[in-house]
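**Q** Could you have a look at this structure, given as structure tokens, before my questions?
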2 protein chains.
Amino acid sequence: MDIHIDSAKPLPLYKQIAHAIIEKIAAGELQQGDTLPSIRQLAKTLQINVNTVQKSYHDLAHRGVIELPDKAKAIICRQKTQEEALQHFEEDVKLIIAEAYAAGVSRLMMEKTYKKILRKRSIN
Amino acid sequence: MDIHIDSAKPLPLYKQIAHAIIEKIAAGELQQGDTLPSIRQLAKTLQINVNTVQKSYHDLAHRGVIELPDKAKAIICRQKTQEEALQHFEEDVKLIIAEAYAAGVSRLMMEKTYKKILRKRSIN
């Protein structure tokens with residue numbers, strides 16, 4: 001599995017890994033039932049600490065993106081249906097808006113940021 | 001700490017607790033340095049499983065909202081600066097858009113949902 005991380009980026013490495021895996025699912029490169037490299041193996045490949053990969057996998061398991069059996073490799077979960085995904089999207093948006101709002105980020109800045117990202121993805 | 005949860009809602013209980021705490025921070029009811037009830041205590045108050053509260057606190061610690069010392073009570077972290085918050089916001093938005101996109105949610109639906117939530121909050 002080809003993942004690029006960059007320790008110079010402001011985003012923590014464990015999040016970079018989680019993002020990369022979600023992007024691979026969005027692109028269809030990873031599908032339901034596919035397994036991920038073991039935590040130890042991915043840490044070795046990326047030359048980073050095992051704990052970082054572990055945190056990343058736990059994060060993904062937490063979000064229902066992968067299953068993390070105790071002694072087996074992580075497995076990509078069933079894709080959410082559109083309806084489920086939209087419900088998750090709504091709840092996540094609520095949460096991150098509340099967090100940004102708590103720190104004083106203006107509605108205008110949130111809208112700008114959101115639109116910028118949607119534009120980059122250029123989905124229909 | 002006054003938290004309402006509702007097991008009839010589609011949002012998992014651990015997320016409902018995390019949301020409630022973030023909303024309290026946004027409202028200024030919880031501030032940097034304030035402590036949260038112990039996991040055991042909150043579970044007792046809400047009459048739910050200890051593991052659910054634990055998952056919720058870990059989630060918040062994961063997001064940098066609280067510190068979770070090993071044998072002490074959870075503490076509300078320093079509020080993020082606007083700049084930090086905006087950076088987190090941007091990264092979170094990227095991730096949740098990618099997830100929704102992966103499940104086939106349309107850009108239009110994402111925009112509608114986002115606007116609905118921003119409107120409800122009616123921030124400037």
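Ordering of the structure tokens sets the chain letters (A, B, ...); residue numbers start at 1 within each chain; ligands are numbered from 1 in the order shown.
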Using DSSP on the backbone coordinates, identify all residues within chain B classified as alpha helix (DSSP H); present the result as a VMD selection string.

**A** chain B and resid 13 to 26 39 to 46 50 to 62 82 to 102 107 to 121

**Q** For the selection you just gave me, I'd like the residues written to a file as an mmCIF file, in the first residue's frame, keeping C-alpha atoms.

**A**
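New file part24.cif:
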```cif
data_model
loop_
_atom_site.group_PDB
_atom_site.id
_atom_site.type_symbol
_atom_site.label_atom_id
_atom_site.label_comp_id
_atom_site.auth_asym_id
_atom_site.auth_seq_id
_atom_site.Cartn_x
_atom_site.Cartn_y
_atom_site.Cartn_z
ATOM 1 C CA LEU B 13 -24.091 7.656 22.988
ATOM 2 C CA TYR B 14 -20.334 8.205 23.236
ATOM 3 C CA LYS B 15 -20.582 10.778 20.459
ATOM 4 C CA GLN B 16 -23.563 12.444 22.101
ATOM 5 C CA ILE B 17 -21.471 12.921 25.248
ATOM 6 C CA ALA B 18 -18.516 14.312 23.280
ATOM 7 C CA HIS B 19 -20.830 16.688 21.406
ATOM 8 C CA ALA B 20 -22.434 17.869 24.639
ATOM 9 C CA ILE B 21 -19.033 18.650 26.152
ATOM 10 C CA ILE B 22 -17.851 20.530 23.063
ATOM 11 C CA GLU B 23 -21.088 22.520 23.045
ATOM 12 C CA LYS B 24 -20.477 23.441 26.687
ATOM 13 C CA ILE B 25 -17.021 24.699 25.777
ATOM 14 C CA ALA B 26 -18.461 26.680 22.861
ATOM 15 C CA ILE B 39 -15.524 8.305 33.957
ATOM 16 C CA ARG B 40 -17.077 6.099 36.612
ATOM 17 C CA GLN B 41 -19.051 8.974 38.070
ATOM 18 C CA LEU B 42 -20.441 10.214 34.765
ATOM 19 C CA ALA B 43 -21.392 6.665 33.785
ATOM 20 C CA LYS B 44 -23.286 6.376 37.061
ATOM 21 C CA THR B 45 -25.049 9.725 36.586
ATOM 22 C CA LEU B 46 -26.075 8.908 33.020
ATOM 23 C CA VAL B 50 -18.362 2.851 31.903
ATOM 24 C CA ASN B 51 -16.877 1.865 28.529
ATOM 25 C CA THR B 52 -19.165 4.301 26.709
ATOM 26 C CA VAL B 53 -17.986 7.261 28.770
ATOM 27 C CA GLN B 54 -14.416 6.069 28.438
ATOM 28 C CA LYS B 55 -14.751 5.959 24.643
ATOM 29 C CA SER B 56 -16.170 9.461 24.693
ATOM 30 C CA TYR B 57 -13.344 10.858 26.837
ATOM 31 C CA HIS B 58 -10.739 9.126 24.665
ATOM 32 C CA ASP B 59 -12.360 10.664 21.612
ATOM 33 C CA LEU B 60 -12.143 14.138 23.147
ATOM 34 C CA ALA B 61 -8.544 13.560 24.229
ATOM 35 C CA HIS B 62 -7.806 12.412 20.695
ATOM 36 C CA GLN B 82 -8.518 30.882 15.770
ATOM 37 C CA GLU B 83 -5.694 29.991 13.429
ATOM 38 C CA GLU B 84 -5.164 26.541 14.938
ATOM 39 C CA ALA B 85 -8.898 25.949 15.003
ATOM 40 C CA LEU B 86 -9.233 26.906 11.365
ATOM 41 C CA GLN B 87 -6.426 24.542 10.432
ATOM 42 C CA HIS B 88 -8.093 21.696 12.323
ATOM 43 C CA PHE B 89 -11.417 22.637 10.770
ATOM 44 C CA GLU B 90 -9.919 22.466 7.306
ATOM 45 C CA GLU B 91 -8.367 19.068 7.886
ATOM 46 C CA ASP B 92 -11.547 17.683 9.453
ATOM 47 C CA VAL B 93 -13.673 18.993 6.589
ATOM 48 C CA LYS B 94 -11.318 17.355 4.074
ATOM 49 C CA LEU B 95 -11.663 14.049 5.852
ATOM 50 C CA ILE B 96 -15.428 14.018 6.253
ATOM 51 C CA ILE B 97 -15.979 15.170 2.670
ATOM 52 C CA ALA B 98 -13.731 12.347 1.485
ATOM 53 C CA GLU B 99 -15.726 9.872 3.585
ATOM 54 C CA ALA B 100 -19.101 11.118 2.326
ATOM 55 C CA TYR B 101 -17.760 11.228 -1.209
ATOM 56 C CA ALA B 102 -16.599 7.628 -0.901
ATOM 57 C CA ARG B 107 -21.789 17.701 -3.477
ATOM 58 C CA LEU B 108 -25.236 19.289 -3.481
ATOM 59 C CA MET B 109 -26.359 17.217 -0.493
ATOM 60 C CA MET B 110 -23.165 18.069 1.372
ATOM 61 C CA GLU B 111 -23.669 21.760 0.727
ATOM 62 C CA LYS B 112 -27.299 21.645 1.794
ATOM 63 C CA THR B 113 -26.443 19.820 5.008
ATOM 64 C CA TYR B 114 -23.582 22.142 5.816
ATOM 65 C CA LYS B 115 -25.674 25.264 5.255
ATOM 66 C CA LYS B 116 -28.548 23.897 7.311
ATOM 67 C CA ILE B 117 -26.226 23.362 10.285
ATOM 68 C CA LEU B 118 -24.557 26.747 9.958
ATOM 69 C CA ARG B 119 -27.981 28.396 9.767
ATOM 70 C CA LYS B 120 -29.159 26.628 12.902
ATOM 71 C CA ARG B 121 -26.157 27.882 14.778
#
```

**Q** For chain B, which residue among A:Ile48, A:Cys77, A:Ile3, A:Ala27 is the nearest when counting only C-alpha atoms?

**A** A:Ala27

**Q** Might you pull out every residue within 8 Å of Ile76 (chain B), with only C-alpha atoms counted and same-chain residues fewer than 6 positions away left off, and present them as JSON, numbers by chain?

**A** {"B": [30, 31, 32, 33, 34, 35, 36, 65, 66, 67]}

**Q** How about saving the chosen residues, N, CA and C atoms kept, as a PDB file, in the first residue's frame?

**A**
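What landed in part.pdb:
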```pdb
ATOM      1  N   LEU B  30     -17.790  25.495  30.046  1.00  0.00           N
ATOM      2  CA  LEU B  30     -16.582  24.768  30.457  1.00  0.00           C
ATOM      3  C   LEU B  30     -15.382  25.525  29.903  1.00  0.00           C
ATOM      4  N   GLN B  31     -14.400  25.734  30.762  1.00  0.00           N
ATOM      5  CA  GLN B  31     -13.229  26.499  30.325  1.00  0.00           C
ATOM      6  C   GLN B  31     -11.934  25.773  30.644  1.00  0.00           C
ATOM      7  N   GLN B  32     -10.868  26.286  30.019  1.00  0.00           N
ATOM      8  CA  GLN B  32      -9.546  25.688  30.237  1.00  0.00           C
ATOM      9  C   GLN B  32      -9.280  25.430  31.719  1.00  0.00           C
ATOM     10  N   GLY B  33      -8.828  24.232  32.026  1.00  0.00           N
ATOM     11  CA  GLY B  33      -8.475  23.907  33.412  1.00  0.00           C
ATOM     12  C   GLY B  33      -9.612  23.294  34.199  1.00  0.00           C
ATOM     13  N   ASP B  34     -10.846  23.489  33.727  1.00  0.00           N
ATOM     14  CA  ASP B  34     -11.973  22.848  34.413  1.00  0.00           C
ATOM     15  C   ASP B  34     -11.827  21.331  34.327  1.00  0.00           C
ATOM     16  N   THR B  35     -12.277  20.651  35.348  1.00  0.00           N
ATOM     17  CA  THR B  35     -12.203  19.180  35.307  1.00  0.00           C
ATOM     18  C   THR B  35     -13.579  18.606  34.981  1.00  0.00           C
ATOM     19  N   LEU B  36     -13.563  17.466  34.366  1.00  0.00           N
ATOM     20  CA  LEU B  36     -14.804  16.738  34.091  1.00  0.00           C
ATOM     21  C   LEU B  36     -15.028  15.707  35.206  1.00  0.00           C
ATOM     22  N   VAL B  65      -9.223  18.126  22.902  1.00  0.00           N
ATOM     23  CA  VAL B  65     -10.178  18.961  23.638  1.00  0.00           C
ATOM     24  C   VAL B  65      -9.952  18.833  25.148  1.00  0.00           C
ATOM     25  N   ILE B  66      -9.620  17.615  25.584  1.00  0.00           N
ATOM     26  CA  ILE B  66      -9.334  17.403  27.008  1.00  0.00           C
ATOM     27  C   ILE B  66      -7.997  16.666  27.155  1.00  0.00           C
ATOM     28  N   GLU B  67      -7.435  16.827  28.352  1.00  0.00           N
ATOM     29  CA  GLU B  67      -6.289  15.989  28.726  1.00  0.00           C
ATOM     30  C   GLU B  67      -6.821  14.904  29.634  1.00  0.00           C
TER      31      GLU B  67
END
```

**Q** Restricting the calculation to only C-alpha atoms, which member of A:Met1, A:Gly64, A:Asp70, A:Ala8 is positioned closest to chain B?

**A**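 Nearest candidate to chain B out of A:Met1, A:Gly64, A:Asp70, A:Ala8: A:Gly64.
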
**Q** Quick one: of B:Ile75, B:Arg63, B:Ile5, B:Asn49, who's nearest to chain A, counting only C-alpha atoms?

**A**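 Ranked by minimum distance to chain A, first place goes to B:Arg63.
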